[in-house]
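Okay, structure first, notes after.
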Amino acid sequence: MKSIKTKIVLVVLMCSLISTVICGSISIVESSRAAKENSADIMKLLCENQGQKLDGMMRQVSQSVDTLYDLAVSELDDFQKFKTDAAYVDAYSQRLAPMLLQTAVHTQGAMSVYIRYNPQFTEPTSGLFYTRDSADSEFQEIEPTDFSMYEPDDLEHVGWYYIPVGNAQPTWMEPYLNSNINVYMISYVIPIFVDGESVGIIGMDIDFSAFTNVLDSSSIFESGYAFLANEQGDIMHHKELETGSSLAEAGLEAVAESLALPDQEMAIRQYTWRGANKSMCYMTLVNGMRFILTAPTSEFAAQAKTMRMLIFLGALIAMAVAVIVGFLISISLTKPIRQINNIVGETAKFNFTHYKDSESLYKKKDETANMAHSLHDMRDNLRGMVENIRQAYVDMADSMERLSETTEKVNHMSEDNSATTQELAAAMQETADTMDTVNSTIAEIRGRAEEIRGRSDAGKSNSVEIRGRAEKLKGSTRSASERTREMYASVQEKTKEAMEQARAVSHINELTQAILDISSQTNLLALNASIEAARAGEAGRGFAVVAGEIGALADQTSDAVGDINGIIAEVNQAVGNMTSCLNESMNFLEETVLKDYGDFMEVAEQYTVDAAGVEENMGDINSQIETLLTAIVNIADAVEHVSQTTMEAAEGITEIAGKTQEMAGVVGTNSDLIEHNQSHIEKLKEIVARFHMQE
């Protein structure tokens, strides 16, 4: 029979072989397909990365020229003066000069920077032009091209100006060879317009090698490379073909056709060139050029072949590792199993002593550790059970001895209890008779309490009637007091009015005195008139008669005033008497009547309070009587219950006496059971002796 270790090694080896064959086959098939897809993805990714790198360089140039354009427009504050004043143009150019130089210095690959003005209203050489021979030299200002030497349609010499102006938008120019410094350049130019009228252009020339160096460093697989072409299919840079030549003329018609299809951008296209099958993808740059990445198609499959070899080699290594790992795993698995088997063998022999390798088993984190813990728990449980059995037979032996002694005592006590219960039964019967007497006494007390409650109810009813009368008396007193107060207020008000009228009589005295004064003056005037009439003689006789009548009238007025004064004196005396009488009446109402009514109100209030107190006391007495009756009923019920309980207790004691006799018989039976249990205790002792409990 093969061991578990051998079986584990064989199982691991077979599983590794089967999985390696299956996975290897799938991997080889899928790797070929994935390698081709991966190669295509690599080409697309590299094409995109390198294209974006070129775009980044071009965007830096366009941003520099855009900045100069914004500065040029912001500095041109008077376009009409710019068109007519040469001094204004020169000052404008001087303000822009440092900005042009600063921007060109900080632009990668910049060889020239310039701003040229419209020759239709400025000098033919107007503007600024800074250039340098190499990237390491300083920028130098040179005289701009003289527009008067060329026609506007001479694009070979002045196309750099008129083409952007004609496009009316920022323009990337085609690469060209600067014969003065023998450097290929590419230009970015922005035309300047104000209100739709051309001001000029602003632009920058970049060393084209800054872009071609990126192209030359772009490679893929073993022999793949990159090149540039324009929208028309002309080659802008190629490591084997001449710049400016046509793709079609170079035998790359398929490439030219692909570049003409916008939906084919970043797609893998196949073509044949010089007898070799090739794959390509392209990306359109910000200046409209096409960045093309190409490589032989055969190099796509080379990666798949390499991958198949790696998969096969990896499968062999995996199988070897699987055998080694299987062997190590089998050792690590079988060792704890052997140790557990040894522990189980010792347990079968009832040997529960500590096993020396158990600690190493507990530290494992697999199923064997769980088995070891379970086995340890089982041994602990068995050990505990044996210990419990041992303790049980010791306790049982001790209990049997004590139980035997106790049984004998209980037997004697049962005999004593039987006699005592007979005496208790007789005492309970006597107690029941006494309870009957107590019941009759409580019934009599209850009748007297009922009579007291009836009288308290009558007293409560009378107190309610008394309080009602007190309330009625208080209301009548309050009403009379209010009417008296109203009468007092009315009399007081009328008294004030009479006093005011009495004061009016004093005004009459003042008027009569005034009349007397007027009468005295009238007499004086009448006397004077009589004197003057006498002096006038016959002519004043009629005036003397009038003066006499006036004097008589004044005398009559004096007499009438005298009579009025007499009447007024009588009126004043009557008013004084009336005022005195009214004051006495007011004092009587205020000091006597109102005060008596106040005292009467206090008596009525106290009468009401006393009636309420009587009612409350009657209520309290009634409540106490109710409580007393309830207590009497409860006492009666309790006495009746005690009487019944006493009777039941007497019957129970009689029954206890009988049970005590029966218990005496059971105690005798317990003695027989104790002797029987003693034999079982001896058997338990023999079983425990077979177990080895030392740790």
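In the structure tokens, chains take the letters A, B, ... in the order shown, each chain's residues start at 1, and ligands count up from 1 in the order shown.
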
9 Å contact set for region 260-265 of chain A, only C-alpha atoms, chain neighbours under 2 positions out, as a PyMOL selection string: chain A and resi 231-233+255-258+267-269+281-284

With all heavy atoms kept, could you save the residues just selected as a compact mmCIF listing (two decimals), in the first residue's frame?
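As written to disk, result07.txt reads:
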# COMPACT_ATOMS: atom_id res chain seq x y z
N GLU A 231 -0.14 66.97 -46.54
CA GLU A 231 -1.48 66.59 -46.94
C GLU A 231 -1.54 66.16 -48.40
O GLU A 231 -2.40 65.35 -48.77
CB GLU A 231 -2.44 67.77 -46.70
CG GLU A 231 -2.51 68.22 -45.25
CD GLU A 231 -3.45 69.42 -45.07
OE1 GLU A 231 -4.41 69.52 -45.85
OE2 GLU A 231 -3.21 70.22 -44.17
N GLN A 232 -0.67 66.69 -49.21
CA GLN A 232 -0.66 66.37 -50.63
C GLN A 232 0.07 65.07 -50.93
O GLN A 232 0.13 64.64 -52.10
CB GLN A 232 -0.04 67.52 -51.44
CG GLN A 232 -0.86 68.80 -51.44
CD GLN A 232 -0.77 69.54 -50.13
OE1 GLN A 232 0.25 69.47 -49.44
NE2 GLN A 232 -1.84 70.24 -49.77
N GLY A 233 0.63 64.42 -49.93
CA GLY A 233 1.34 63.17 -50.16
C GLY A 233 2.79 63.36 -50.53
O GLY A 233 3.42 62.43 -51.08
N VAL A 255 0.34 53.90 -49.21
CA VAL A 255 0.47 54.82 -48.08
C VAL A 255 -0.23 56.13 -48.38
O VAL A 255 -0.95 56.69 -47.53
CB VAL A 255 1.95 55.05 -47.75
CG1 VAL A 255 2.10 56.09 -46.64
CG2 VAL A 255 2.63 53.76 -47.35
N ALA A 256 -0.06 56.65 -49.62
CA ALA A 256 -0.72 57.89 -50.01
C ALA A 256 -2.23 57.75 -49.96
O ALA A 256 -2.95 58.66 -49.53
CB ALA A 256 -0.26 58.31 -51.41
N GLU A 257 -2.75 56.58 -50.38
CA GLU A 257 -4.20 56.35 -50.33
C GLU A 257 -4.70 56.31 -48.88
O GLU A 257 -5.77 56.83 -48.57
CB GLU A 257 -4.54 55.05 -51.04
CG GLU A 257 -4.30 55.08 -52.54
CD GLU A 257 -4.52 53.72 -53.18
OE1 GLU A 257 -4.86 52.76 -52.43
OE2 GLU A 257 -4.37 53.60 -54.42
N SER A 258 -3.92 55.71 -48.01
CA SER A 258 -4.33 55.65 -46.60
C SER A 258 -4.34 57.04 -45.97
O SER A 258 -5.23 57.37 -45.16
CB SER A 258 -3.39 54.74 -45.81
OG SER A 258 -3.44 53.42 -46.30
N ALA A 267 -5.18 53.53 -37.50
CA ALA A 267 -5.53 52.15 -37.85
C ALA A 267 -4.32 51.48 -38.50
O ALA A 267 -3.52 52.14 -39.20
CB ALA A 267 -6.73 52.11 -38.79
N ILE A 268 -4.16 50.17 -38.27
CA ILE A 268 -3.05 49.43 -38.86
C ILE A 268 -3.40 49.09 -40.31
O ILE A 268 -4.43 48.48 -40.59
CB ILE A 268 -2.76 48.15 -38.07
CG1 ILE A 268 -2.46 48.49 -36.59
CG2 ILE A 268 -1.58 47.40 -38.70
CD1 ILE A 268 -1.26 49.36 -36.39
N ARG A 269 -2.52 49.53 -41.24
CA ARG A 269 -2.73 49.29 -42.68
C ARG A 269 -1.53 48.48 -43.22
O ARG A 269 -0.39 48.67 -42.76
CB ARG A 269 -2.83 50.61 -43.43
CG ARG A 269 -3.99 51.49 -42.99
CD ARG A 269 -5.28 51.05 -43.61
NE ARG A 269 -5.26 51.26 -45.05
CZ ARG A 269 -6.23 50.93 -45.89
NH1 ARG A 269 -7.31 50.33 -45.41
NH2 ARG A 269 -6.13 51.17 -47.18
N CYS A 281 0.82 52.82 -39.35
CA CYS A 281 -0.29 53.64 -38.86
C CYS A 281 0.19 55.07 -38.84
O CYS A 281 1.41 55.33 -38.83
CB CYS A 281 -0.74 53.19 -37.47
SG CYS A 281 0.45 53.49 -36.15
N TYR A 282 -0.75 56.02 -38.90
CA TYR A 282 -0.34 57.42 -38.97
C TYR A 282 -1.22 58.27 -38.06
O TYR A 282 -2.30 57.86 -37.63
CB TYR A 282 -0.40 57.94 -40.41
CG TYR A 282 -1.80 58.27 -40.90
CD1 TYR A 282 -2.31 59.56 -40.77
CD2 TYR A 282 -2.61 57.30 -41.48
CE1 TYR A 282 -3.59 59.87 -41.20
CE2 TYR A 282 -3.88 57.60 -41.92
CZ TYR A 282 -4.37 58.89 -41.78
OH TYR A 282 -5.64 59.19 -42.20
N MET A 283 -0.71 59.49 -37.78
CA MET A 283 -1.41 60.47 -36.96
C MET A 283 -1.23 61.84 -37.58
O MET A 283 -0.13 62.19 -38.03
CB MET A 283 -0.84 60.47 -35.53
CG MET A 283 -1.42 61.54 -34.62
SD MET A 283 -0.64 61.49 -32.97
CE MET A 283 -1.38 62.96 -32.23
N THR A 284 -2.31 62.63 -37.63
CA THR A 284 -2.25 63.97 -38.20
C THR A 284 -1.79 64.95 -37.13
O THR A 284 -2.34 64.99 -36.02
CB THR A 284 -3.63 64.40 -38.71
OG1 THR A 284 -4.07 63.46 -39.70
CG2 THR A 284 -3.58 65.78 -39.34

Non-local contacts of region 296-299 of chain A (7 Å; only C-alpha atoms; under 3 positions in same chain excluded) as a PyMOL selection string: chain A and resi 221+224+277-279+302

Non-local contacts of Met57 (chain A) (8 Å; only C-alpha atoms; under 4 positions in same chain excluded) as a ChimeraX atom specification: /A:53,61,108,211

Please dump the current selection as a JSON list (two decimals), in the first residue's frame; keep C-alpha atoms.
[["chain", "number", "residue", "atom", "x", "y", "z"],
["A", 53, "LYS", "CA", 5.58, 64.83, -28.74],
["A", 61, "VAL", "CA", 5.99, 77.49, -31.12],
["A", 108, "GLN", "CA", 13.05, 75.59, -28.53],
["A", 211, "PHE", "CA", 11.38, 67.75, -35.37]]

Gap from CA of Thr522 (chain A) to CA of Glu538 (chain A) - Å, one decimal: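 Computing the Euclidean distance for CA of Thr522 (chain A) and CA of Glu538 (chain A) yields 23.5 Å.
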
Residue list (helix (DSSP H, G or I), DSSP) for region 85-302 of chain A, as a PyMOL selection string: chain A and resi 86-105+147-149+155-167+209-217+253-259+262-264+298-302

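Nearest to Asp55 (chain A) of all the residues A:Pro152, A:Gly551, A:Gly166, A:Gly288 is A:Gly288, based on only C-alpha atoms.
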
Distance query Gln63 (chain A) at most 12 Å, only C-alpha atoms, self and fewer than 3 positions along chain excluded, as JSON, numbers by chain: {"A": [55, 56, 57, 58, 59, 60, 66, 67, 68, 69, 70, 103, 104, 106, 107, 108, 170, 188, 189, 190, 203, 204]}

CA of Asn287 (chain A) to CA of Leu76 (chain A), distance in Å rounded to a single decimal: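 These atoms are spaced 28.4 Å apart.
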
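If you measure from each of A:Leu293, A:Ile142, A:Glu37, A:Ser520 to Asp559 (chain A) using only C-alpha atoms, the closest one turns out to be A:Ser520.
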
Gap from CA of Asp78 (chain A) to CA of Glu197 (chain A) - Å, one decimal: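 So the two atoms, CA of Asp78 (chain A) and CA of Glu197 (chain A), lie 13.5 Å apart.
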
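Among the candidate residues A:Leu155, A:Val214, A:Ala229, A:Met99, the one lying nearest to Pro175 (chain A) is A:Ala229, with distances computed using only C-alpha atoms.
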
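In terms of minimum interatomic distance to Tyr92 (chain A), A:Ile115 ranks closest within A:Leu228, A:Ile186, A:Met280, A:Ile115, counting only C-alpha atoms.
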